[in-house]
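This is input_22.cif. It holds mmCIF, C-alpha atoms.
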```
data_start
#
loop_
_atom_site.label_atom_id
_atom_site.label_comp_id
_atom_site.auth_asym_id
_atom_site.auth_seq_id
_atom_site.Cartn_x
_atom_site.Cartn_y
_atom_site.Cartn_z
CA MET S 1 -32.80 2.37 134.46
CA HIS S 2 -33.80 -1.22 135.09
CA ILE S 3 -31.61 -3.59 137.11
CA THR S 4 -32.09 -7.34 137.11
CA PHE S 5 -30.29 -9.52 139.66
CA VAL S 6 -29.83 -13.13 138.52
CA LYS S 7 -28.99 -15.71 141.15
CA LYS S 8 -28.64 -19.48 140.93
CA LEU S 9 -30.18 -22.40 142.72
CA THR S 10 -28.12 -25.56 142.78
CA GLU S 11 -29.40 -29.02 141.91
CA SER S 12 -30.18 -29.56 145.60
CA GLY S 13 -32.48 -26.51 145.55
CA ASP S 14 -30.23 -24.32 147.68
CA ALA S 15 -29.08 -20.85 146.67
CA CYS S 16 -25.43 -20.76 145.66
CA ALA S 17 -23.23 -19.43 148.44
CA LYS S 18 -21.88 -16.49 146.45
CA CYS S 19 -25.40 -15.46 145.41
CA GLY S 20 -26.48 -15.41 149.03
CA GLN S 21 -23.47 -13.32 150.02
CA VAL S 22 -24.10 -10.78 147.26
CA GLU S 23 -27.77 -10.47 148.17
CA GLN S 24 -26.82 -9.96 151.82
CA HIS S 25 -24.34 -7.21 150.84
CA LEU S 26 -26.98 -5.50 148.71
CA ARG S 27 -29.40 -5.48 151.63
CA GLU S 28 -26.86 -4.50 154.32
CA ASN S 29 -25.45 -1.64 152.26
CA GLY S 30 -28.85 -0.19 151.40
CA TYR S 31 -28.72 -1.01 147.70
CA TRP S 32 -31.54 -3.58 147.56
CA HIS S 33 -34.17 -0.98 146.64
CA PHE S 34 -32.31 -0.32 143.37
CA ILE S 35 -32.94 -3.92 142.21
CA ASP S 36 -36.02 -3.95 139.97
CA SER S 37 -36.29 -7.69 139.40
CA VAL S 38 -34.74 -10.92 140.59
CA LEU S 39 -34.52 -13.97 138.38
CA VAL S 40 -33.42 -17.45 139.36
CA ALA S 41 -31.25 -19.63 137.17
CA ASP S 42 -32.43 -22.99 138.45
CA GLU S 43 -30.03 -25.80 137.51
CA PRO S 44 -32.52 -28.67 137.78
CA ILE S 45 -35.07 -26.94 135.57
CA GLY S 46 -32.61 -25.47 133.10
CA SER S 47 -35.12 -23.54 131.01
CA ASN S 48 -36.31 -20.62 133.06
CA ALA S 49 -35.98 -16.85 132.80
CA GLY S 50 -32.67 -16.66 134.67
CA THR S 51 -31.10 -19.46 132.66
CA ARG S 52 -32.33 -18.00 129.37
CA LEU S 53 -30.88 -14.60 130.28
CA ALA S 54 -27.54 -16.22 131.13
CA THR S 55 -27.54 -18.02 127.79
CA ARG S 56 -28.51 -14.85 125.93
CA TYR S 57 -25.51 -12.95 127.32
CA GLY S 58 -23.10 -15.88 127.41
CA ILE S 59 -22.79 -15.87 131.19
CA ASP S 60 -21.87 -19.11 132.91
CA THR S 61 -21.46 -17.88 136.50
CA ALA S 62 -23.84 -16.46 139.04
CA PRO S 63 -24.74 -14.07 140.38
CA PHE S 64 -24.82 -11.43 137.68
CA PHE S 65 -26.63 -8.19 136.97
CA VAL S 66 -28.25 -6.93 133.78
CA VAL S 67 -28.59 -3.15 133.63
CA THR S 68 -30.68 -1.49 130.93
CA ASP S 69 -30.50 2.29 130.79
CA GLU S 70 -33.01 4.85 129.53
CA HIS S 71 -31.55 4.52 126.00
CA ALA S 72 -32.17 0.75 125.95
CA GLN S 73 -28.42 0.11 126.23
CA THR S 74 -27.69 -3.06 128.19
CA ARG S 75 -24.64 -3.84 130.30
CA VAL S 76 -23.97 -7.10 132.12
CA TYR S 77 -21.96 -7.24 135.32
CA THR S 78 -20.51 -10.45 136.72
CA ILE S 79 -18.27 -8.68 139.26
CA TYR S 80 -20.23 -7.33 142.22
CA LEU S 81 -17.75 -4.60 143.24
CA LYS S 82 -17.57 -3.23 139.69
CA PHE S 83 -21.39 -3.19 139.55
CA VAL S 84 -21.52 -1.27 142.85
CA GLU S 85 -18.88 1.21 141.72
CA GLU S 86 -20.26 1.88 138.25
CA ILE S 87 -24.01 1.63 138.86
CA LEU S 88 -25.16 1.64 142.49
CA GLU S 89 -22.87 4.29 143.98
CA PRO S 90 -23.76 6.87 141.29
CA LEU S 91 -27.47 6.06 141.76
CA GLU S 92 -27.11 6.51 145.49
CA HIS S 93 -25.66 9.98 145.03
CA GLU S 94 -28.23 11.24 142.51
CA GLN S 95 -30.59 13.85 143.87
CA PRO S 96 -34.26 13.73 142.90
CA ALA S 97 -35.21 16.51 140.47
CA ASP S 98 -37.57 18.17 142.96
CA GLU S 99 -34.66 18.67 145.40
CA LEU S 100 -32.77 20.63 142.75
CA ALA S 101 -35.53 23.20 142.30
CA CYS S 102 -34.95 26.66 143.73
CA ALA S 103 -36.93 27.53 146.82
#
```
Same coordinates, now as structure tokens:
Amino acid sequence: MHITFVKKLTESGDACAKCGQVEQHLRENGYWHFIDSVLVADEPIGSNAGTRLATRYGIDTAPFFVVTDEHAQTRVYTIYLKFVEEILEPLEHEQPADELACA
């Protein structure tokens, strides 16, 4: 599974407030290590990886998450709590394969 976190910088160069809050929650709740890449949708530049990804999926708000599973199926989440519930909490509870082996 690959998780991309897309956050936005405003025209003044500051991170949007909601993006900062979401990143803080990810870090405080121990989920940050599940994020594989972070892209910035930079309003002044307009044509960067984060902005192109937003355009590709028809997203006009930030932050958002793009999750690609092992079958190359992609899901986009614009609601942080739904993303946590459907993706991060199950990941947190998965046991590594070597822990399942009999002793």
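Nearest to S:Phe5 of all the residues S:Ser37, S:Leu91, S:Glu70, S:Trp32 is S:Ser37, counting only C-alpha atoms.
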Subject >> Using all atoms listed in the file: which of S:Thr78, S:Thr4, S:Asn48, S:Asn29 has the shortest distance to S:Phe64 >> reply: S:Thr78
**OP:** Would you write out, as number ranges by chain, every residue that the PyMOL selection byres ((chain S and resi 51-61) around 8) captures in this file?
**Re:** S: 40-42, 46-50, 62-64, 76, 78
Original post:
Interatomic distance between atom CA of S:Arg27 and atom CA of S:Ser12?
Top reply: 24.8 Å
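Computed from the coordinates, the atom CA of S:Phe83 to atom CA of S:Lys7 distance equals 14.7 Å.
For the pair atom CA of S:Ile79 and atom CA of S:Phe65, the separation is 8.7 Å.
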Subject >> Using all atoms listed in the file: which of S:His33, S:Lys18, S:Lys8, S:His93 has the shortest distance to S:Tyr80 >> reply: S:Lys18
Please, can stretch 12-44 of chain S be completed to N, CA and C atoms and returned as an mmCIF file, in the coordinates of the input?
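Output below, filename part-v6.cif:
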```cif
data_model
loop_
_atom_site.group_PDB
_atom_site.id
_atom_site.type_symbol
_atom_site.label_atom_id
_atom_site.label_comp_id
_atom_site.auth_asym_id
_atom_site.auth_seq_id
_atom_site.Cartn_x
_atom_site.Cartn_y
_atom_site.Cartn_z
ATOM 1 N N SER S 12 -29.541 -29.169 144.333
ATOM 2 C CA SER S 12 -30.180 -29.560 145.600
ATOM 3 C C SER S 12 -31.289 -28.582 145.995
ATOM 4 N N GLY S 13 -31.431 -27.484 145.245
ATOM 5 C CA GLY S 13 -32.480 -26.510 145.550
ATOM 6 C C GLY S 13 -32.033 -25.369 146.439
ATOM 7 N N ASP S 14 -30.764 -25.383 146.831
ATOM 8 C CA ASP S 14 -30.230 -24.320 147.680
ATOM 9 C C ASP S 14 -29.664 -23.193 146.813
ATOM 10 N N ALA S 15 -29.705 -21.972 147.356
ATOM 11 C CA ALA S 15 -29.080 -20.850 146.670
ATOM 12 C C ALA S 15 -27.567 -21.050 146.706
ATOM 13 N N CYS S 16 -26.885 -20.655 145.645
ATOM 14 C CA CYS S 16 -25.430 -20.760 145.660
ATOM 15 C C CYS S 16 -24.886 -19.812 146.725
ATOM 16 N N ALA S 17 -23.788 -20.194 147.328
ATOM 17 C CA ALA S 17 -23.230 -19.430 148.440
ATOM 18 C C ALA S 17 -22.894 -17.995 148.041
ATOM 19 N N LYS S 18 -22.266 -17.825 146.895
ATOM 20 C CA LYS S 18 -21.880 -16.490 146.450
ATOM 21 C C LYS S 18 -23.110 -15.621 146.204
ATOM 22 N N CYS S 19 -24.164 -16.214 145.654
ATOM 23 C CA CYS S 19 -25.400 -15.460 145.410
ATOM 24 C C CYS S 19 -25.993 -14.958 146.718
ATOM 25 N N GLY S 20 -25.979 -15.806 147.721
ATOM 26 C CA GLY S 20 -26.480 -15.410 149.030
ATOM 27 C C GLY S 20 -25.663 -14.296 149.645
ATOM 28 N N GLN S 21 -24.349 -14.367 149.499
ATOM 29 C CA GLN S 21 -23.470 -13.320 150.020
ATOM 30 C C GLN S 21 -23.726 -11.989 149.330
ATOM 31 N N VAL S 22 -23.865 -12.013 148.012
ATOM 32 C CA VAL S 22 -24.100 -10.780 147.260
ATOM 33 C C VAL S 22 -25.438 -10.176 147.652
ATOM 34 N N GLU S 23 -26.471 -10.998 147.765
ATOM 35 C CA GLU S 23 -27.770 -10.470 148.170
ATOM 36 C C GLU S 23 -27.687 -9.851 149.574
ATOM 37 N N GLN S 24 -26.982 -10.499 150.463
ATOM 38 C CA GLN S 24 -26.820 -9.960 151.820
ATOM 39 C C GLN S 24 -26.101 -8.607 151.780
ATOM 40 N N HIS S 25 -25.055 -8.488 150.963
ATOM 41 C CA HIS S 25 -24.340 -7.210 150.840
ATOM 42 C C HIS S 25 -25.255 -6.125 150.271
ATOM 43 N N LEU S 26 -26.046 -6.479 149.278
ATOM 44 C CA LEU S 26 -26.980 -5.500 148.710
ATOM 45 C C LEU S 26 -27.934 -4.973 149.783
ATOM 46 N N ARG S 27 -28.455 -5.864 150.579
ATOM 47 C CA ARG S 27 -29.400 -5.480 151.630
ATOM 48 C C ARG S 27 -28.708 -4.677 152.736
ATOM 49 N N GLU S 28 -27.571 -5.163 153.214
ATOM 50 C CA GLU S 28 -26.860 -4.500 154.320
ATOM 51 C C GLU S 28 -26.355 -3.115 153.945
ATOM 52 N N ASN S 29 -25.991 -2.925 152.693
ATOM 53 C CA ASN S 29 -25.450 -1.640 152.260
ATOM 54 C C ASN S 29 -26.504 -0.682 151.719
ATOM 55 N N GLY S 30 -27.767 -1.073 151.812
ATOM 56 C CA GLY S 30 -28.850 -0.190 151.400
ATOM 57 C C GLY S 30 -29.049 -0.069 149.908
ATOM 58 N N TYR S 31 -28.587 -1.051 149.160
ATOM 59 C CA TYR S 31 -28.720 -1.010 147.700
ATOM 60 C C TYR S 31 -29.900 -1.842 147.182
ATOM 61 N N TRP S 32 -30.508 -2.640 148.025
ATOM 62 C CA TRP S 32 -31.540 -3.580 147.560
ATOM 63 C C TRP S 32 -32.680 -2.876 146.833
ATOM 64 N N HIS S 33 -33.035 -1.679 147.265
ATOM 65 C CA HIS S 33 -34.170 -0.980 146.640
ATOM 66 C C HIS S 33 -33.887 -0.567 145.196
ATOM 67 N N PHE S 34 -32.636 -0.623 144.760
ATOM 68 C CA PHE S 34 -32.310 -0.320 143.370
ATOM 69 C C PHE S 34 -32.553 -1.527 142.442
ATOM 70 N N ILE S 35 -32.723 -2.712 143.010
ATOM 71 C CA ILE S 35 -32.940 -3.920 142.210
ATOM 72 C C ILE S 35 -34.408 -3.972 141.805
ATOM 73 N N ASP S 36 -34.646 -3.969 140.487
ATOM 74 C CA ASP S 36 -36.020 -3.950 139.970
ATOM 75 C C ASP S 36 -36.612 -5.348 139.827
ATOM 76 N N SER S 37 -35.782 -6.326 139.523
ATOM 77 C CA SER S 37 -36.290 -7.690 139.400
ATOM 78 C C SER S 37 -35.195 -8.681 139.751
ATOM 79 N N VAL S 38 -35.646 -9.826 140.230
ATOM 80 C CA VAL S 38 -34.740 -10.920 140.590
ATOM 81 C C VAL S 38 -35.181 -12.148 139.821
ATOM 82 N N LEU S 39 -34.247 -12.741 139.112
ATOM 83 C CA LEU S 39 -34.520 -13.970 138.380
ATOM 84 C C LEU S 39 -33.647 -15.077 138.946
ATOM 85 N N VAL S 40 -34.154 -16.289 138.872
ATOM 86 C CA VAL S 40 -33.420 -17.450 139.360
ATOM 87 C C VAL S 40 -33.025 -18.323 138.187
ATOM 88 N N ALA S 41 -31.748 -18.645 138.130
ATOM 89 C CA ALA S 41 -31.250 -19.630 137.170
ATOM 90 C C ALA S 41 -31.230 -20.952 137.935
ATOM 91 N N ASP S 42 -32.212 -21.767 137.695
ATOM 92 C CA ASP S 42 -32.430 -22.990 138.450
ATOM 93 C C ASP S 42 -31.823 -24.167 137.699
ATOM 94 N N GLU S 43 -30.725 -24.711 138.204
ATOM 95 C CA GLU S 43 -30.030 -25.800 137.510
ATOM 96 C C GLU S 43 -30.898 -27.012 137.201
ATOM 97 N N PRO S 44 -31.730 -27.487 138.130
ATOM 98 C CA PRO S 44 -32.520 -28.670 137.780
ATOM 99 C C PRO S 44 -33.511 -28.423 136.650
#
```
